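For reference, the structure discussed in these notes is given below.
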Amino acid sequence: ESNIREQPETADGVILAQAQEKMLKHETEVPEEDEATEELVPNVPQLAEYFEGADIGLGREESFRIFLALKKLTEDQPLKTVSFWGKVFGLEGNYLIAEAEFREGEEPQPVEEEGGDELNGEDNEEALDEEEQDPRDKLPKNKYRPPPIIPAEEYGSGVNKKVYFVCDEPGKPWVMLPHATPQQLVVARQIRKLFTGRLDAAVVSYPPFPGTEAELLRAQIARISAGTHVSPLGLYTFDEMEDDDDEEARDKYVLADDFEGKPLSELLVPDLSGWVHHGQYILPQGRCKWINPGIKGDEDEDQEDDEEEEEEEEIEAEEGAPLLTPLQNDEDVDGHPAWSVRLTNTAHTAYAAVCISSNRWPGAHAFAVNTTFANVYIGWGTKYSSEPFSPALPPMVQQEYGLEDIFESNDPTRQEEEDFEAMEAQDDERDMGSEDDDEE
Amino acid sequence: ESNIREQPETADGVILAQAQEKMLKHETEVPEEDEATEELVPNVPQLAEYFEGADIGLGREESFRIFLALKKLTEDQPLKTVSFWGKVFGLEGNYLIAEAEFREGEEPQPVEEEGGDELNGEDNEEALDEEEQDPRDKLPKNKYRPPPIIPAEEYGSGVNKKVYFVCDEPGKPWVMLPHATPQQLVVARQIRKLFTGRLDAAVVSYPPFPGTEAELLRAQIARISAGTHVSPLGLYTFDEMEDDDDEEARDKYVLADDFEGKPLSELLVPDLSGWVHHGQYILPQGRCKWINPGIKGDEDEDQEDDEEEEEEEEIEAEEGAPLLTPLQNDEDVDGHPAWSVRLTNTAHTAYAAVCISSNRWPGAHAFAVNTTFANVYIGWGTKYSSEPFSPALPPMVQQEYGLEDIFESNDPTRQEEEDFEAMEAQDDERDMGSEDDDEE
Amino acid sequence: MDLQQLSLGLDYVASNGIVLSTEKRVALQTSLVLLQHAEKLEHMTYWGKIQGLTADYYIAQGYNQDPFQRKNFMSLDCIKWAHVADVHPVLIASAQGLTTRFTGNPSHEYTVASLRKEETKSDNTVIVTTTLSEEKRLAAVIHLIDQAARVVPRGAYRKTPGDKIEKSHTFSGLSFQDAGKIDNYMHCREPETLKMKTNLQLAKLDPALDFLDSLADDIPKRCWSIQYQKGATVAVLRSVVWPGAVFYHGISSPIFGHVYVGTGLKNLDLIFMIS
Amino acid sequence: MDLQQLSLGLDYVASNGIVLSTEKRVALQTSLVLLQHAEKLEHMTYWGKIQGLTADYYIAQGYNQDPFQRKNFMSLDCIKWAHVADVHPVLIASAQGLTTRFTGNPSHEYTVASLRKEETKSDNTVIVTTTLSEEKRLAAVIHLIDQAARVVPRGAYRKTPGDKIEKSHTFSGLSFQDAGKIDNYMHCREPETLKMKTNLQLAKLDPALDFLDSLADDIPKRCWSIQYQKGATVAVLRSVVWPGAVFYHGISSPIFGHVYVGTGLKNLDLIFMIS
C-alpha cells in the first residue's frame, strides 16, 4: 500500500447522482381539496414500512428512491395504474421492476422481436421450396410438423394483463419489457438460470430459450405474479355485472366496495384460509386462457395433411385453478403449507400486520392489515426445489424415415457370391444347351 | 496512550440493557376480534414517523423504546389515557415525560412535600407567639401579611388536568411528578433555568423557587402544555350536554364525533387559522381557573385586621384566552406568527402531513393529517425571548415602622446643652429665691 | 456484522433485501449486550437469520481475540438466546445431505443416512440411518456457511512474524479499484486452497497478508457476485453457492462485515444456473 | 458530519432531537455528491440546519486537506445549493448583535449599528447604522458556531514536526474513561486560549497533540454538557452557549463528528441558567 492516497473514483457515483437528481422535488404547496386527483403512485415508503416489520424490504432510502422513480415513470408514460413489483438480483447488476397498466388506448405497439417465433414460417418456406422441385426427383418428404405455435395473449388479458418496466437503479431510465409468449413460459419452466443484470445477455440453455435475458426476466415475472400475487379474502371480487359464462373462466376481478379489512386472527391461521390468489394460474401451454392449438385458422397451408391428424388428436383443454382461489389449496412444500405466516410488531400486536412469505418462490411476500395490503418480490428470480435440478433430456432420436418401405438384407458373403456365380454359369450353360437342341 | 487495550466499561451499558430487557416482548398470537379492547398505548412509532417527515423526533430506536416503556407504565399504573409528552434535555441527564390520566378513583394521593408551602403557617405560628407575650412589652407588631396562598388546582382540572411521569432512559422506572402549585408557576415564569437531569437537584434562583428540580420540571411542563398543546380546528369540541354556564369558562373538551380531518391546505395557511389550543391558558395567578384570593375561609385568624383591607382591594378576576381558542390570536414572535408551518413529504404532497413548530417555546411541535394528530416537546424546557434575561429585582426595602408616631430631633449641641444647663440653673436659683421670699 | 456497527452494516446491505425491523434492532441491541456480558466475549456479532417454515432462527456469534474461535447462539425472538454447540464433522457431513427447508422447530428430527465403516473383519462400509435434530443441523449449516462465505478484505488481518493473526490497526480499506477485484478478498477460515498452491505461486504472495485462502480460488469461478453499491461507495459480495450470504465493505474505509439471511440451503444447481 | 458517515452520525445524535427525514437524506446523498464533484472538494460534510421562521437553511461544508479552510453552502431544500461567502470580521461583530430569529428569507435586511472610528482629527468613534442581509448573517453565525462548537477529540489530529496538521491514521478513539473528561476534547480552530497559557502549563502538554484549545478552558466552566448515550457506547457533547450544537464520538472507535440544528441564536443568559 503506497502512501499516496488515491483520489476516490467518484465517476460512477457522480453519474448515478446526476441521474437521481432529476427525480428530486421540493414542493411547498398542496392542491386545494377539489383539485385533488386520484392518487396514481402508491405510497411506497409506507408500504415498505409494513414489510420492514417482518424484516422484508430494501431499506428506507432505496424505497424512497423507488417511490420517486415510479413517480417519474408516471410522468413519462400514460399509465392508469402503477406499482412496485419488486427487485430481482443479478450477478453483475440488479433489476427494479414496476408493474403498470396503460390508460385506455395508450398502450404502445411493441417492436416485433426477430427470432424463434418464426419457426413455422421457415417451415412453410421449405414447403414452398419443395413444391418448386422437379416432380421427378421425389425426395423423401419431411413429415415433421412442429407443434403449433400457441399465440401469445394480448395485452390486457391473462399473462399479459399488465406491462412491466425495469431499470437497474432508481433514477436510471425505465425500459419496458416485451409481452410474454407461451413459448417463453414453457421453456422458462424447464430451465434454471441466474440473471446477469444485462437485459441483452444471451440465455444459454437446453431447451433453447427463445429470447435474451429480457424475455427470460419477463417470463419469470409472469410465473411469479401468477403464483404469488395474493390478497386477503374479500378484498377483490368478481364483477357482478359481467355475464356469468360458466364455460369461460372468470378472469377479471374488481375491488369489493364493502371490504372492511380482515381481522388479523383470520389472516394469521397457518392454513392460509384468509388469503386468495388474484394472480391467474398459467396453464401448461403457457397461457392463462386455454386456446385449442388444433384450430389453426388460415395460416397453415398444409391443412390437408392435418385433416387426418385432427381426428386422431382430440386435445383436451387444460384447466387450472380458478381466479381468486384460496391459498389453502396450494400444494405443500416439504410437508408444510406453501406460505409461512409471520406477525409484525410482536411487541404490541394491537398495531401489528400479518405478512406471508411464499416457500415455493422464496422472496415473494405479501402483507395485509385492515384495508391495506401489498405484494412484493425480492430475490434471485428462481423457484424453490428440494430436488437437485435435472435439465430436460434431449428428445428421442428421430426416425429418419419409415422402415416399412425398406427391407434390409445382408451383403452376400464371398462364398455365396461364388455359389451364385456358379449357378448363373450353370444356367447360362443350360440355356445355351437348349438353344443348341432346338437347331437339330 | 498505552498499548494495553482498556477493557471497555460495559457496566453502565449492561445495567441499562438489563433494565430495558424487561420491556421486550415477542407475541405470536393476536386476540380474537371480540376480545380486542380499546387501545391504551398510542402507536408512538407511527406518530414518530410523521414527525420525522419534518425532521423532528428522537430516532426510530428510541421512539420504539419509548413505546415499550409507555406500555410498561400502563401495566404498572391504573391509567385511563397515556401518551408521550416529550423529552427535556438536562446537563447531566435527560428526562422522558409521559402524560397520563388515572382511571376513575384510582389516582394516588401524592406525598405532601415539605417546604415553601408552609410560609403562611409559620407566620401564623409567629402570630400565636405574639399573643403569648407579656402585654406590657408592647413591641411593634409586624403588620406584614404575605400574599394569600392560592390553592393548587385539584387533580383533574386546570393545570393539573393530567399527571406526568418521568424517567431518564426507557426501561428505567417511571417516577410520578407532583402536581403543580400556583406558587411554583408564578416563580417559574420569572426565572430561567437549565435542568441537570437529577430530580432532587436544588434550584437556586431569585425569586426562590419553592421546590427542587422535580417541581420546576412540572411547572415547565404545565406552561408548555398550556401554551403549545394544539390540534386541528374541529377535532375537539365542547361537550354539548354540559350546562352552558357563561360565568364559568368552559374547561372541558371532548372528541368531536363528526371530525373527518382538515384538508392540508387549511392546515398549511401561515395565519394558523386551522388550529386551536386545547391546552388551557394559565392565568397570572398560576391557575387556569380564577380563584379570588380575598375569600379566605376560616384559615386566617387575623381576619379583623384585614377587614379594612378588604374594602381597599377589590381584586379583579384575571381572564385568559378561552379553551379551543384559535392560534391566529397568538402573539407574534419577532414580527412573524407564533408558529412556523412546514409540509412533510415535499416530494409528493399527496402523502404529506402538516407540521407546526412553536416559536415561543422552541421544541414544541404538532402535526396533523386526516384524523391523525399529535403534540410533542423536544427541547431544553425554556421559553424563547429575543431580549436578554433580566432576573427579578428584589422588592423595595420594607418600611420598618410607621413614621407618623416618631419624630426626630437633633441631638443638642454642647453649646445648647450648656445654655440649657445655664437656664436650668437660673430657674433653680429663681425658684429657691421665691421660696426664700415666702418665708419673710 | 459487529454489534457496534449494526445500523451501519444494515444500511450497507439493505439494498440486497436484508433489513431488520426497528423492533428487532431494539431487541438485539439490548439482548446481545447482555449476552456479551454474560459470556464475557470481547466481540459480539449479529450473524444473520436462517428462515424456517414456521419460525426463523436469529443467529449471533461472539469471539475474543481469535476470529477463528467463535461461539454461536440462536434465538427465535431476539430476546432469549441459547448456545449452539459445535457439532462433529461426521454430523456436518450428514447435514449436508439434507435439502429440505428448516422447519422452525429446533427439536425436529431428520432422518439421515451416513456411511460408517463397520469395525468388522470384512471392513465393509455400512449405511447407517440416524436421526439429526434441527438444532444440530443448524450448527452444521452455520459452520458450512462460515467456511464458504465468511469473507475479509485483504489487509484487514495480518500475520505477525510470530505467526499470530491479528486485526490490522492501519487497515484503511480497499481502494475503489481494488475493491472490484475478487483476489482482494479472502476466506476467514483455516486455509485449504492455499495449501494446494505450488511454491512458485506462493513466492508471489506476501506472507503477512496472504495467509488465508483467496476468493479467487473458489470453484466454480463465478460463484461470487461483486457489485459496487450505494453510489459506488460500498463493495458488496454475494455468494451464489449459499444465496443469502452477503459481505460488505465501505470503500476506502476500515468498515467491513458479513451477514447471512436465507433458507440455509446450499445451491447445488449452480453449474446450470450460470451461463 | 461527514457525508459518508451520514446515517451513522444521525444514528448517534438522534437521541438529542436531531433527525432527518428519509426524503432529506435521499436528497442530501444525491445533491452533496454532485456538489462535492462540482467544487472538487475532498471532503463534504452535512453541517446542520438553521431554523428560520418561514423556512429552514440546510448548511453543508466542504474542505480539502486543511480542516481550517472550509467552504460553506446553503440550501432551502437539500437539492439546490448556493455558496455562502465568508464575511468580514466587522460584519461578524455586527451580526452578533442580532438576537431575533432568522426569518427564512435570505434577502431580508437587518438594521445593525456598529462602531466605527471616524477618521477625523478628533478621533471620535461614531455609531453607524448599516443593513445586513440575512445571507451575510447566516455566514457570520456559521463562523461563530464553528469557532465556538467545532470539536475534535484529542489525538484525532496530530501536528507533525514540520508544523503540519494532519488527521491521525492510528487514532482508535478515546477510551470510555477518557471520553467523559472534557479536557480530552479540543476546538478545531486557530488556537486562542492556548496562547494565553503560561510556559509552565505548556510544558505539561504534548506539542504533537495539544496544539489546539482544550474545551476545558472555555468560559463559563459548565458551558458543555457531556453525556454517555446509547448504552455508554457514544459520548455526546452539547453546547449550552449555542444550543443545538452537538458533537458525537463513538467510544473506542475513530468515529466522531458534529452537527448543528437550532435557531442560530447564542444563549446569552447562560450564567443565570446554570445553578
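Note on naming: chains are A, B, ... as they come in the C-alpha cells, residues start from 1 per chain, ligands start from 1 in the order shown.
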**Item:** Gln147 in chain D surroundings by only C-alpha atoms, 8 Å radius, close-in-sequence under 3 positions cut, as a PyMOL selection string
**Value:** chain D and resi 143-144+150+187-189
Print the selection's residues with C-alpha atoms to a file, as an mmCIF file, in the first residue's frame.
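Dumped everything to part-v1.cif:
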```cif
data_model
loop_
_atom_site.group_PDB
_atom_site.id
_atom_site.type_symbol
_atom_site.label_atom_id
_atom_site.label_comp_id
_atom_site.auth_asym_id
_atom_site.auth_seq_id
_atom_site.Cartn_x
_atom_site.Cartn_y
_atom_site.Cartn_z
ATOM 1 C CA HIS D 143 -18.461 31.116 11.513
ATOM 2 C CA LEU D 144 -19.324 31.854 15.141
ATOM 3 C CA ARG D 150 -16.498 22.639 16.328
ATOM 4 C CA HIS D 187 -11.621 23.182 19.411
ATOM 5 C CA CYS D 188 -10.858 22.784 15.756
ATOM 6 C CA ARG D 189 -9.952 26.417 15.221
#
```
**Message:** Would you pick out the contacts of range 80-92 of chain A at 7 Å or less, using only C-alpha atoms, so that residues sharing its chain but fewer than 5 positions from it are not included, and give the list as an NGL selection string?
**Reply:** (:A and (40-42 or 97-103 or 194-197 or 376-381)) or (:C and (225-227))
Kindly save the residues from that selection, with C-alpha atoms included, as a PDB file, in the first residue's frame.
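Generated output (part.pdb):
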```pdb
ATOM      1  CA  LEU A  40     -51.643   7.183  -9.060  1.00  0.00           C
ATOM      2  CA  VAL A  41     -48.347   6.385  -7.359  1.00  0.00           C
ATOM      3  CA  PRO A  42     -48.834   4.191  -4.309  1.00  0.00           C
ATOM      4  CA  ILE A  97     -39.388  -3.809 -11.671  1.00  0.00           C
ATOM      5  CA  ALA A  98     -42.531  -1.721 -11.913  1.00  0.00           C
ATOM      6  CA  GLU A  99     -45.883  -3.227 -12.787  1.00  0.00           C
ATOM      7  CA  ALA A 100     -48.230  -0.981 -14.710  1.00  0.00           C
ATOM      8  CA  GLU A 101     -51.263  -0.651 -16.922  1.00  0.00           C
ATOM      9  CA  PHE A 102     -51.602   1.861 -19.665  1.00  0.00           C
ATOM     10  CA  ARG A 103     -54.511   4.180 -19.931  1.00  0.00           C
ATOM     11  CA  LEU A 194     -29.467 -16.718 -12.713  1.00  0.00           C
ATOM     12  CA  PHE A 195     -29.668 -13.255 -14.196  1.00  0.00           C
ATOM     13  CA  THR A 196     -26.604 -11.242 -15.043  1.00  0.00           C
ATOM     14  CA  GLY A 197     -28.202  -7.821 -14.890  1.00  0.00           C
ATOM     15  CA  VAL A 376     -43.570  -7.657  -3.390  1.00  0.00           C
ATOM     16  CA  TYR A 377     -40.825  -9.872  -4.710  1.00  0.00           C
ATOM     17  CA  ILE A 378     -37.215  -9.525  -3.628  1.00  0.00           C
ATOM     18  CA  GLY A 379     -34.983 -12.353  -4.712  1.00  0.00           C
ATOM     19  CA  TRP A 380     -32.977 -14.044  -7.426  1.00  0.00           C
ATOM     20  CA  GLY A 381     -35.983 -14.954  -9.559  1.00  0.00           C
TER      21      GLY A 381
ATOM     22  CA  SER C 225     -21.226 -11.719  -7.436  1.00  0.00           C
ATOM     23  CA  ILE C 226     -19.293  -8.474  -6.843  1.00  0.00           C
ATOM     24  CA  GLN C 227     -21.099  -5.194  -7.162  1.00  0.00           C
TER      25      GLN C 227
END
```
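In this structure, CA of Ala139 in chain C sits 21.7 Å away from CA of Gln65 in chain C.
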**Request:** Return the neighbours of chain C among the residues of chain D, cut-off 8 Å, counting only C-alpha atoms, as a ChimeraX atom specification.
**Result:** /D:7-8,11,169-170
Write out as a tab-separated table the residues of chain C that have any atom within 7 Å of an atom of chain A, one row each with the nearest atom pair and its distance in Å to one decimal, counting only C-alpha atoms, sorted by chain and then rising number.
```
residue	atom	partner	partner_atom	distance
C:Ala14	CA	A:Gly59	CA	4.9
C:Ser15	CA	A:Leu58	CA	4.8
C:Asn16	CA	A:Leu58	CA	6.5
C:Gly17	CA	A:Leu58	CA	4.9
C:Ile18	CA	A:Leu58	CA	6.8
C:Val19	CA	A:Asp55	CA	5.1
C:Leu20	CA	A:Asp55	CA	4.6
C:Ser21	CA	A:Gly53	CA	4.8
C:Glu23	CA	A:Asn345	CA	6.8
C:Leu53	CA	A:Ser340	CA	5.6
C:Thr54	CA	A:Ser340	CA	6.0
C:Thr99	CA	A:Ser386	CA	5.3
C:Thr100	CA	A:Ser386	CA	5.2
C:Arg101	CA	A:Asp334	CA	6.7
C:Phe176	CA	A:Glu9	CA	6.4
C:Ser225	CA	A:Leu91	CA	4.9
C:Ile226	CA	A:Glu92	CA	6.8
C:Gln227	CA	A:Glu92	CA	6.3
C:Gly231	CA	A:Gly13	CA	4.2
C:Ala232	CA	A:Gly13	CA	5.2
C:Leu268	CA	A:Pro388	CA	6.4
C:Asp269	CA	A:Phe389	CA	5.8
C:Phe272	CA	A:Arg192	CA	6.7
C:Met273	CA	A:Lys193	CA	4.0
C:Ile274	CA	A:Leu194	CA	5.9
C:Ser275	CA	A:Val204	CA	5.7
```
**Item:** helix (DSSP H, G or I) call set, DSSP backbone run, range 251-367 of chain B, as a PyMOL selection string
**Value:** chain B and resi 264-267+303-312+327-329+349-351
Would you save the residues from that selection as a JSON list (two decimals), in the first residue's frame, using N, CA and C atoms?
```json
[["chain", "number", "residue", "atom", "x", "y", "z"],
["B", 264, "LEU", "N", -55.29, 19.57, 4.08],
["B", 264, "LEU", "CA", -53.95, 20.07, 4.32],
["B", 264, "LEU", "C", -53.85, 21.55, 3.98],
["B", 265, "SER", "N", -54.55, 21.95, 2.94],
["B", 265, "SER", "CA", -54.41, 23.35, 2.54],
["B", 265, "SER", "C", -54.85, 24.28, 3.66],
["B", 266, "GLU", "N", -55.85, 23.85, 4.45],
["B", 266, "GLU", "CA", -56.29, 24.70, 5.55],
["B", 266, "GLU", "C", -55.32, 24.65, 6.72],
["B", 267, "LEU", "N", -54.65, 23.54, 6.88],
["B", 267, "LEU", "CA", -53.71, 23.44, 7.99],
["B", 267, "LEU", "C", -52.43, 24.19, 7.68],
["B", 303, "GLN", "N", -58.40, 37.91, 60.85],
["B", 303, "GLN", "CA", -59.39, 38.41, 59.93],
["B", 303, "GLN", "C", -59.77, 39.86, 60.23],
["B", 304, "GLU", "N", -59.71, 40.15, 61.48],
["B", 304, "GLU", "CA", -60.16, 41.51, 61.85],
["B", 304, "GLU", "C", -59.25, 42.53, 61.21],
["B", 305, "ASP", "N", -57.97, 42.21, 61.23],
["B", 305, "ASP", "CA", -57.05, 43.20, 60.68],
["B", 305, "ASP", "C", -57.30, 43.45, 59.21],
["B", 306, "ASP", "N", -57.87, 42.47, 58.61],
["B", 306, "ASP", "CA", -57.98, 42.61, 57.17],
["B", 306, "ASP", "C", -59.26, 43.27, 56.73],
["B", 307, "GLU", "N", -60.14, 43.43, 57.66],
["B", 307, "GLU", "CA", -61.43, 43.98, 57.23],
["B", 307, "GLU", "C", -61.23, 45.28, 56.50],
["B", 308, "GLU", "N", -60.36, 46.02, 57.05],
["B", 308, "GLU", "CA", -60.11, 47.31, 56.39],
["B", 308, "GLU", "C", -59.56, 47.07, 55.01],
["B", 309, "GLU", "N", -58.66, 46.11, 54.93],
["B", 309, "GLU", "CA", -58.01, 45.91, 53.63],
["B", 309, "GLU", "C", -58.97, 45.38, 52.59],
["B", 310, "GLU", "N", -59.93, 44.60, 53.03],
["B", 310, "GLU", "CA", -60.88, 44.08, 52.04],
["B", 310, "GLU", "C", -61.57, 45.19, 51.30],
["B", 311, "GLU", "N", -61.89, 46.16, 52.03],
["B", 311, "GLU", "CA", -62.60, 47.24, 51.35],
["B", 311, "GLU", "C", -61.67, 47.97, 50.41],
["B", 312, "GLU", "N", -60.40, 47.96, 50.77],
["B", 312, "GLU", "CA", -59.48, 48.73, 49.91],
["B", 312, "GLU", "C", -59.19, 48.02, 48.60],
["B", 327, "LEU", "N", -55.28, 29.59, 16.97],
["B", 327, "LEU", "CA", -53.89, 30.02, 17.06],
["B", 327, "LEU", "C", -53.66, 31.38, 16.41],
["B", 328, "GLN", "N", -54.61, 31.79, 15.60],
["B", 328, "GLN", "CA", -54.45, 33.09, 14.97],
["B", 328, "GLN", "C", -54.21, 34.18, 15.99],
["B", 329, "ASN", "N", -54.78, 33.98, 17.18],
["B", 329, "ASN", "CA", -54.73, 35.02, 18.18],
["B", 329, "ASN", "C", -53.43, 35.03, 18.97],
["B", 349, "THR", "N", -46.70, 15.54, -2.44],
["B", 349, "THR", "CA", -47.54, 16.06, -1.36],
["B", 349, "THR", "C", -48.83, 15.29, -1.15],
["B", 350, "ALA", "N", -49.16, 14.35, -2.02],
["B", 350, "ALA", "CA", -50.37, 13.56, -1.78],
["B", 350, "ALA", "C", -50.27, 12.80, -0.48],
["B", 351, "TYR", "N", -49.07, 12.48, -0.06],
["B", 351, "TYR", "CA", -48.91, 11.73, 1.18],
["B", 351, "TYR", "C", -48.32, 12.60, 2.28]]
```
So that I can see what lies close to Pro89 in chain C, please list as a PDB file with N, CA and C atoms, in the first residue's frame the residues with an atom at most 12 Å from it, counting only C-alpha atoms and leaving out residues fewer than 2 positions away in the same chain.
```
ATOM      1  N   ASP C  86     -21.022 -26.691  18.996  1.00  0.00           N
ATOM      2  CA  ASP C  86     -20.398 -27.163  17.755  1.00  0.00           C
ATOM      3  C   ASP C  86     -20.738 -28.629  17.539  1.00  0.00           C
ATOM      4  N   VAL C  87     -20.748 -29.037  16.294  1.00  0.00           N
ATOM      5  CA  VAL C  87     -21.067 -30.434  16.010  1.00  0.00           C
ATOM      6  C   VAL C  87     -19.884 -31.130  15.355  1.00  0.00           C
ATOM      7  N   LEU C  91     -21.395 -35.329  11.651  1.00  0.00           N
ATOM      8  CA  LEU C  91     -22.756 -34.802  11.582  1.00  0.00           C
ATOM      9  C   LEU C  91     -22.864 -33.707  10.548  1.00  0.00           C
ATOM     10  N   ILE C  92     -21.784 -32.950  10.403  1.00  0.00           N
ATOM     11  CA  ILE C  92     -21.820 -31.901   9.377  1.00  0.00           C
ATOM     12  C   ILE C  92     -21.997 -32.542   8.005  1.00  0.00           C
ATOM     13  N   ALA C  93     -21.279 -33.623   7.798  1.00  0.00           N
ATOM     14  CA  ALA C  93     -21.425 -34.308   6.519  1.00  0.00           C
ATOM     15  C   ALA C  93     -22.846 -34.815   6.342  1.00  0.00           C
ATOM     16  N   SER C  94     -23.439 -35.329   7.402  1.00  0.00           N
ATOM     17  CA  SER C  94     -24.827 -35.796   7.299  1.00  0.00           C
ATOM     18  C   SER C  94     -25.749 -34.644   6.968  1.00  0.00           C
ATOM     19  N   ALA C  95     -25.520 -33.550   7.633  1.00  0.00           N
ATOM     20  CA  ALA C  95     -26.418 -32.407   7.434  1.00  0.00           C
ATOM     21  C   ALA C  95     -26.354 -31.919   6.004  1.00  0.00           C
ATOM     22  N   GLN C  96     -25.212 -32.061   5.392  1.00  0.00           N
ATOM     23  CA  GLN C  96     -25.100 -31.594   4.017  1.00  0.00           C
ATOM     24  C   GLN C  96     -26.044 -32.330   3.089  1.00  0.00           C
ATOM     25  N   SER C 114     -25.813 -42.111   6.864  1.00  0.00           N
ATOM     26  CA  SER C 114     -24.387 -41.811   6.786  1.00  0.00           C
ATOM     27  C   SER C 114     -23.627 -43.106   6.630  1.00  0.00           C
ATOM     28  N   LYS C 136     -28.964 -29.408  15.689  1.00  0.00           N
ATOM     29  CA  LYS C 136     -27.630 -29.796  15.238  1.00  0.00           C
ATOM     30  C   LYS C 136     -27.461 -29.446  13.761  1.00  0.00           C
ATOM     31  N   ARG C 137     -28.548 -29.593  13.048  1.00  0.00           N
ATOM     32  CA  ARG C 137     -28.458 -29.217  11.633  1.00  0.00           C
ATOM     33  C   ARG C 137     -28.106 -27.747  11.520  1.00  0.00           C
ATOM     34  N   ALA C 139     -26.407 -25.944  13.658  1.00  0.00           N
ATOM     35  CA  ALA C 139     -24.993 -25.744  13.953  1.00  0.00           C
ATOM     36  C   ALA C 139     -24.145 -26.118  12.747  1.00  0.00           C
ATOM     37  N   ALA C 140     -24.527 -27.215  12.095  1.00  0.00           N
ATOM     38  CA  ALA C 140     -23.753 -27.657  10.941  1.00  0.00           C
ATOM     39  C   ALA C 140     -23.814 -26.634   9.819  1.00  0.00           C
ATOM     40  N   VAL C 141     -24.992 -26.118   9.581  1.00  0.00           N
ATOM     41  CA  VAL C 141     -25.140 -25.175   8.459  1.00  0.00           C
ATOM     42  C   VAL C 141     -24.408 -23.883   8.749  1.00  0.00           C
ATOM     43  N   HIS C 143     -21.744 -23.594  10.439  1.00  0.00           N
ATOM     44  CA  HIS C 143     -20.337 -23.887  10.185  1.00  0.00           C
ATOM     45  C   HIS C 143     -20.038 -23.890   8.688  1.00  0.00           C
ATOM     46  N   LEU C 144     -20.905 -24.530   7.922  1.00  0.00           N
ATOM     47  CA  LEU C 144     -20.677 -24.616   6.477  1.00  0.00           C
ATOM     48  C   LEU C 144     -20.687 -23.236   5.838  1.00  0.00           C
TER      49      LEU C 144
END
```
**Prompt:** Smallest atom-to-atom distance to chain A: which of B:Leu393, B:Leu268, B:Ala366, B:Ile66, using only C-alpha atoms?
**Reply:** B:Leu268
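Among D:Thr111, D:Thr103, D:Ser252, D:Thr130, the residue with the shortest atom-to-atom distance to Asp178 in chain D, counting only C-alpha atoms, is D:Ser252.
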**Option closest in space to chain B, from A:Lys262, A:Arg136, A:Arg430, A:Arg414 [counting only C-alpha atoms]** =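 For chain B, the nearest of the given residues is A:Lys262.
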**Message:** Calculated over only C-alpha atoms, which of the candidates B:Ser157, B:Thr28, B:Gln426, B:Gln285 has the smallest distance to chain A?
**Reply:**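 Checking each candidate against chain A, we get B:Thr28 as the closest.
Omitting range 204-211 of chain D and its sequence neighbours fewer than 4 positions away, and counting only C-alpha atoms, the residues within 9 Å are D:Arg154, D:Gly155, D:Ala156, D:Tyr157, D:Arg158, D:Lys159, D:Thr160, D:Pro161, D:Asp163, D:Met186, D:Pro191, D:Leu194, D:Asn199, D:Leu200.
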**Message:** Quick check, in Å to one decimal: how far apart do CA of His43 in chain C and CA of Asp2 in chain C lie?
**Reply:**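 Interatomic distance here is 7.3 Å.
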**Prompt:** Looking at only C-alpha atoms, which of B:Gln46, B:Ser225, B:Gln20, B:Ser409 is the one that sits closest to chain A?
**Reply:**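 Once distances to chain A are computed over only C-alpha atoms, the minimum belongs to B:Gln46.
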**Prompt:** In terms of the shortest atom-to-atom distance over only C-alpha atoms, which of A:Ile149, A:Leu324, A:Ala374, A:Val269 is closest to chain B?
**Reply:**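 Among A:Ile149, A:Leu324, A:Ala374, A:Val269, it is A:Val269 that comes nearest to chain B.
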**Request:** Could you please write out, as a PyMOL selection string, every residue of range 296-406 of chain B that DSSP assigns to strand (DSSP E)?
**Result:** chain B and resi 339-343+354-358+364-369+372-379
For the selection just defined, write its residues with C-alpha atoms to a file, as a PDB file, in the first residue's frame.
```pdb
ATOM      1  CA  TRP B 339     -45.867  29.081  14.857  1.00  0.00           C
ATOM      2  CA  SER B 340     -43.843  28.083  11.802  1.00  0.00           C
ATOM      3  CA  VAL B 341     -45.599  25.808   9.355  1.00  0.00           C
ATOM      4  CA  ARG B 342     -43.895  23.033   7.406  1.00  0.00           C
ATOM      5  CA  LEU B 343     -45.030  20.376   4.981  1.00  0.00           C
ATOM      6  CA  VAL B 354     -48.585  19.442   8.050  1.00  0.00           C
ATOM      7  CA  CYS B 355     -46.327  20.139  10.985  1.00  0.00           C
ATOM      8  CA  ILE B 356     -46.233  23.348  13.019  1.00  0.00           C
ATOM      9  CA  SER B 357     -43.486  24.361  15.428  1.00  0.00           C
ATOM     10  CA  SER B 358     -43.822  26.881  18.192  1.00  0.00           C
ATOM     11  CA  ALA B 364     -42.840  22.274  20.817  1.00  0.00           C
ATOM     12  CA  HIS B 365     -44.339  20.741  17.693  1.00  0.00           C
ATOM     13  CA  ALA B 366     -47.624  19.417  16.413  1.00  0.00           C
ATOM     14  CA  PHE B 367     -48.566  17.602  13.239  1.00  0.00           C
ATOM     15  CA  ALA B 368     -51.882  16.712  11.660  1.00  0.00           C
ATOM     16  CA  VAL B 369     -53.132  14.818   8.637  1.00  0.00           C
ATOM     17  CA  THR B 372     -54.360  11.824  12.991  1.00  0.00           C
ATOM     18  CA  PHE B 373     -52.565  14.427  15.036  1.00  0.00           C
ATOM     19  CA  ALA B 374     -50.112  14.629  17.898  1.00  0.00           C
ATOM     20  CA  ASN B 375     -48.143  17.085  20.023  1.00  0.00           C
ATOM     21  CA  VAL B 376     -44.607  16.612  21.236  1.00  0.00           C
ATOM     22  CA  TYR B 377     -41.946  18.643  23.000  1.00  0.00           C
ATOM     23  CA  ILE B 378     -38.253  18.025  22.468  1.00  0.00           C
ATOM     24  CA  GLY B 379     -36.013  20.677  23.922  1.00  0.00           C
TER      25      GLY B 379
END
```
**Non-local contacts of range 252-257 of chain B (7 Å; only C-alpha atoms; under 5 positions in same chain excluded) as number ranges by chain** = B: 234-239
